[in-house]
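**Student:** One structure coming up, written as structure tokens, with questions to follow.
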Amino acid sequence: MRILHTMIRVGDLDKSIAFYTDVLGMKLLRRKEYPDGKYTLAFVGYGEESEGAVIELTYNWGGSSYELGTGYGHVAIQVDDIRKTCEAVAAKGGKVVYGPALHGGTTWIAFVEDPDGYKIEFIER
């Protein structure tokens with residue numbers, strides 16, 4: 001068994017795709033509309049779905065926002081240089097909401113927020 005993807009609902013699919021591709025550097029792997037169900041799915045990731053886990057962005061037609069609730073935490077992404085990564089995200093209009101900061105005395109972390117408010121954690125390699 002392996003993890004295939006994490007699904008999140010988004011209010012503006014094009015804006016979310018732009019964040020994950022332009023700001024975080026992922027690739028749009030596939031996108032498909034489902035007229036009968038009135039939704040569109042887009043899959044983004046750093047590599048092919050056959051090689052690793054990806055994020056499924058689900059846009060329900062006519063939906064514009066969601067309550068994130070208290071159950072969702074974050075998606076974590078490993079980075080080589082946390083300071084450079086946060087600077088690059090901010091330079092592209094992304095929102096760094098925490099850090100970079102030393103966590104547990106040994107690990108550098110930071111959090112950014114996507115257009116819908118979902119948290120993405122960076123963990124320095």
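We name chains A, B, ... following the order of the structure tokens; residues begin at 1 in each chain, and ligands are numbered from 1 as shown.
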For A:Gly25, list every protein, DNA or RNA residue within 8 Å, evaluated using only C-alpha atoms, and leave out those in the same chain fewer than 4 positions away; present the list as a PyMOL selection string.
**Tutor:** chain A and resi 20-21+46
**Student:** I'd like the neighbourhood of A:Gly37 as number ranges by chain, where a residue qualifies if any of its atoms comes within 12 Å (using only C-alpha atoms), though same-chain residues fewer than 2 positions away should be ignored.
**Tutor:** A: 32-35, 39-41, 58-62
**Student:** Write the residues of the preceding selection, restricted to C-alpha atoms, as a PDB file, in the first residue's frame.
**Tutor:**
ATOM      1  CA  LYS A  32     -10.764  16.952 -15.726  1.00  0.00           C
ATOM      2  CA  GLU A  33     -14.287  18.341 -15.587  1.00  0.00           C
ATOM      3  CA  TYR A  34     -17.210  16.180 -14.497  1.00  0.00           C
ATOM      4  CA  PRO A  35     -20.366  17.945 -15.785  1.00  0.00           C
ATOM      5  CA  TYR A  39     -17.133  19.477 -10.222  1.00  0.00           C
ATOM      6  CA  THR A  40     -13.596  19.667 -11.592  1.00  0.00           C
ATOM      7  CA  LEU A  41     -10.549  17.806 -10.311  1.00  0.00           C
ATOM      8  CA  THR A  58     -11.493  19.634  -5.982  1.00  0.00           C
ATOM      9  CA  TYR A  59     -13.623  22.506  -7.244  1.00  0.00           C
ATOM     10  CA  ASN A  60     -17.373  22.057  -6.763  1.00  0.00           C
ATOM     11  CA  TRP A  61     -19.026  24.272  -9.362  1.00  0.00           C
ATOM     12  CA  GLY A  62     -20.645  27.276  -7.728  1.00  0.00           C
TER      13      GLY A  62
END
**Student:** Compile the contact shell of A:Ala101 as an MDAnalysis selection string: residues with an atom at most 12 Å away, counting only C-alpha atoms, same-chain residues fewer than 2 positions apart removed.
**Tutor:** chainID A and resid 82:83 86 96:99 103:111 121:124
**Student:** Those selected residues, please, written with all heavy atoms and delivered as a compact mmCIF listing (two decimals), in the first residue's frame.
**Tutor:**
# COMPACT_ATOMS: atom_id res chain seq x y z
N ILE A 82 15.33 26.40 3.78
CA ILE A 82 14.05 26.95 4.21
C ILE A 82 13.98 28.47 4.05
O ILE A 82 12.95 29.00 3.67
CB ILE A 82 13.71 26.50 5.65
CG1 ILE A 82 12.22 26.65 5.88
CG2 ILE A 82 14.53 27.25 6.69
CD1 ILE A 82 11.67 25.67 6.86
N ARG A 83 15.07 29.16 4.30
CA ARG A 83 15.06 30.63 4.16
C ARG A 83 14.86 31.03 2.71
O ARG A 83 14.03 31.89 2.40
CB ARG A 83 16.33 31.24 4.74
CG ARG A 83 16.33 31.25 6.26
CD ARG A 83 17.67 31.75 6.83
NE ARG A 83 17.66 31.69 8.27
CZ ARG A 83 17.80 30.58 8.99
NH1 ARG A 83 17.94 29.41 8.40
NH2 ARG A 83 17.78 30.62 10.31
N CYS A 86 11.22 30.24 1.64
CA CYS A 86 10.25 31.22 2.15
C CYS A 86 10.37 32.55 1.42
O CYS A 86 9.36 33.19 1.09
CB CYS A 86 10.42 31.42 3.65
SG CYS A 86 9.85 30.01 4.63
N VAL A 96 3.72 33.67 3.91
CA VAL A 96 4.43 32.91 4.94
C VAL A 96 3.81 33.31 6.28
O VAL A 96 3.84 34.47 6.66
CB VAL A 96 5.95 33.22 4.93
CG1 VAL A 96 6.66 32.44 6.03
CG2 VAL A 96 6.56 32.91 3.56
N VAL A 97 3.24 32.34 6.98
CA VAL A 97 2.51 32.66 8.21
C VAL A 97 3.26 32.29 9.48
O VAL A 97 2.87 32.69 10.57
CB VAL A 97 1.10 32.01 8.23
CG1 VAL A 97 0.23 32.59 7.13
CG2 VAL A 97 1.19 30.50 8.11
N TYR A 98 4.37 31.55 9.33
CA TYR A 98 5.17 31.19 10.51
C TYR A 98 6.58 30.81 10.06
O TYR A 98 6.75 30.06 9.11
CB TYR A 98 4.55 30.00 11.25
CG TYR A 98 5.39 29.53 12.42
CD1 TYR A 98 5.35 30.20 13.64
CD2 TYR A 98 6.23 28.44 12.30
CE1 TYR A 98 6.12 29.77 14.72
CE2 TYR A 98 7.00 28.01 13.37
CZ TYR A 98 6.95 28.67 14.57
OH TYR A 98 7.72 28.25 15.63
N GLY A 99 7.56 31.32 10.77
CA GLY A 99 8.94 30.92 10.54
C GLY A 99 9.61 31.69 9.42
O GLY A 99 9.07 32.68 8.94
N HIS A 103 12.56 24.13 15.33
CA HIS A 103 11.55 23.33 16.01
C HIS A 103 12.24 22.16 16.70
O HIS A 103 12.96 21.40 16.07
CB HIS A 103 10.53 22.83 14.99
CG HIS A 103 9.48 21.94 15.57
ND1 HIS A 103 8.49 22.41 16.40
CD2 HIS A 103 9.26 20.62 15.43
CE1 HIS A 103 7.71 21.41 16.74
NE2 HIS A 103 8.16 20.31 16.18
N GLY A 104 12.06 22.04 17.98
CA GLY A 104 12.63 20.93 18.72
C GLY A 104 14.15 21.00 18.83
O GLY A 104 14.79 20.00 19.12
N GLY A 105 14.70 22.15 18.55
CA GLY A 105 16.12 22.33 18.69
C GLY A 105 16.97 21.83 17.54
O GLY A 105 18.16 22.08 17.49
N THR A 106 16.36 21.11 16.58
CA THR A 106 17.16 20.53 15.51
C THR A 106 16.59 20.71 14.11
O THR A 106 17.31 20.57 13.13
CB THR A 106 17.36 19.02 15.73
OG1 THR A 106 16.07 18.39 15.80
CG2 THR A 106 18.12 18.74 17.02
N THR A 107 15.31 20.98 13.99
CA THR A 107 14.66 21.00 12.69
C THR A 107 14.11 22.39 12.37
O THR A 107 13.37 22.96 13.18
CB THR A 107 13.49 19.98 12.66
OG1 THR A 107 13.99 18.70 13.04
CG2 THR A 107 12.87 19.89 11.29
N TRP A 108 14.45 22.90 11.19
CA TRP A 108 13.92 24.19 10.75
C TRP A 108 12.61 23.96 10.00
O TRP A 108 12.55 23.11 9.10
CB TRP A 108 14.92 24.90 9.84
CG TRP A 108 16.05 25.49 10.62
CD1 TRP A 108 17.26 24.92 10.89
CD2 TRP A 108 16.05 26.75 11.27
NE1 TRP A 108 18.02 25.76 11.67
CE2 TRP A 108 17.30 26.90 11.91
CE3 TRP A 108 15.13 27.80 11.37
CZ2 TRP A 108 17.65 28.03 12.64
CZ3 TRP A 108 15.48 28.92 12.09
CH2 TRP A 108 16.71 29.03 12.72
N ILE A 109 11.58 24.72 10.41
CA ILE A 109 10.27 24.61 9.77
C ILE A 109 9.73 26.00 9.46
O ILE A 109 10.19 27.00 10.01
CB ILE A 109 9.24 23.84 10.63
CG1 ILE A 109 8.90 24.63 11.90
CG2 ILE A 109 9.75 22.44 10.97
CD1 ILE A 109 7.70 24.07 12.67
N ALA A 110 8.73 26.03 8.58
CA ALA A 110 7.97 27.24 8.29
C ALA A 110 6.61 26.81 7.76
O ALA A 110 6.45 25.66 7.31
CB ALA A 110 8.70 28.10 7.25
N PHE A 111 5.65 27.72 7.83
CA PHE A 111 4.32 27.44 7.30
C PHE A 111 3.93 28.54 6.33
O PHE A 111 4.16 29.73 6.59
CB PHE A 111 3.27 27.37 8.42
CG PHE A 111 3.29 26.08 9.18
CD1 PHE A 111 4.12 25.94 10.28
CD2 PHE A 111 2.49 25.02 8.81
CE1 PHE A 111 4.16 24.76 11.00
CE2 PHE A 111 2.51 23.83 9.52
CZ PHE A 111 3.35 23.69 10.62
N GLU A 121 3.40 23.07 5.38
CA GLU A 121 4.60 23.15 6.21
C GLU A 121 5.82 22.84 5.36
O GLU A 121 5.81 21.87 4.59
CB GLU A 121 4.53 22.16 7.37
CG GLU A 121 5.78 22.18 8.25
CD GLU A 121 5.74 21.14 9.35
OE1 GLU A 121 5.00 20.13 9.23
OE2 GLU A 121 6.46 21.32 10.35
N PHE A 122 6.86 23.63 5.51
CA PHE A 122 8.15 23.34 4.92
C PHE A 122 9.04 22.80 6.03
O PHE A 122 9.09 23.36 7.12
CB PHE A 122 8.81 24.59 4.33
CG PHE A 122 8.10 25.20 3.15
CD1 PHE A 122 8.10 26.56 2.97
CD2 PHE A 122 7.45 24.40 2.21
CE1 PHE A 122 7.46 27.13 1.88
CE2 PHE A 122 6.81 24.96 1.11
CZ PHE A 122 6.82 26.33 0.96
N ILE A 123 9.74 21.72 5.75
CA ILE A 123 10.68 21.14 6.68
C ILE A 123 12.03 21.06 5.95
O ILE A 123 12.11 20.44 4.89
CB ILE A 123 10.25 19.73 7.16
CG1 ILE A 123 8.88 19.79 7.82
CG2 ILE A 123 11.30 19.14 8.09
CD1 ILE A 123 8.29 18.45 8.18
N GLU A 124 13.03 21.70 6.53
CA GLU A 124 14.34 21.70 5.88
C GLU A 124 14.98 20.34 5.97
O GLU A 124 14.98 19.72 7.03
CB GLU A 124 15.25 22.78 6.51
CG GLU A 124 16.52 22.99 5.73
CD GLU A 124 17.27 24.21 6.23
OE1 GLU A 124 17.98 24.08 7.24
OE2 GLU A 124 17.12 25.28 5.62
**Student:** Leaving out A:Arg30 and any residue of its chain fewer than 4 positions from it, which residues lie within 9 Å of it when counting only C-alpha atoms, given as a PyMOL selection string?
**Tutor:** chain A and resi 41-44
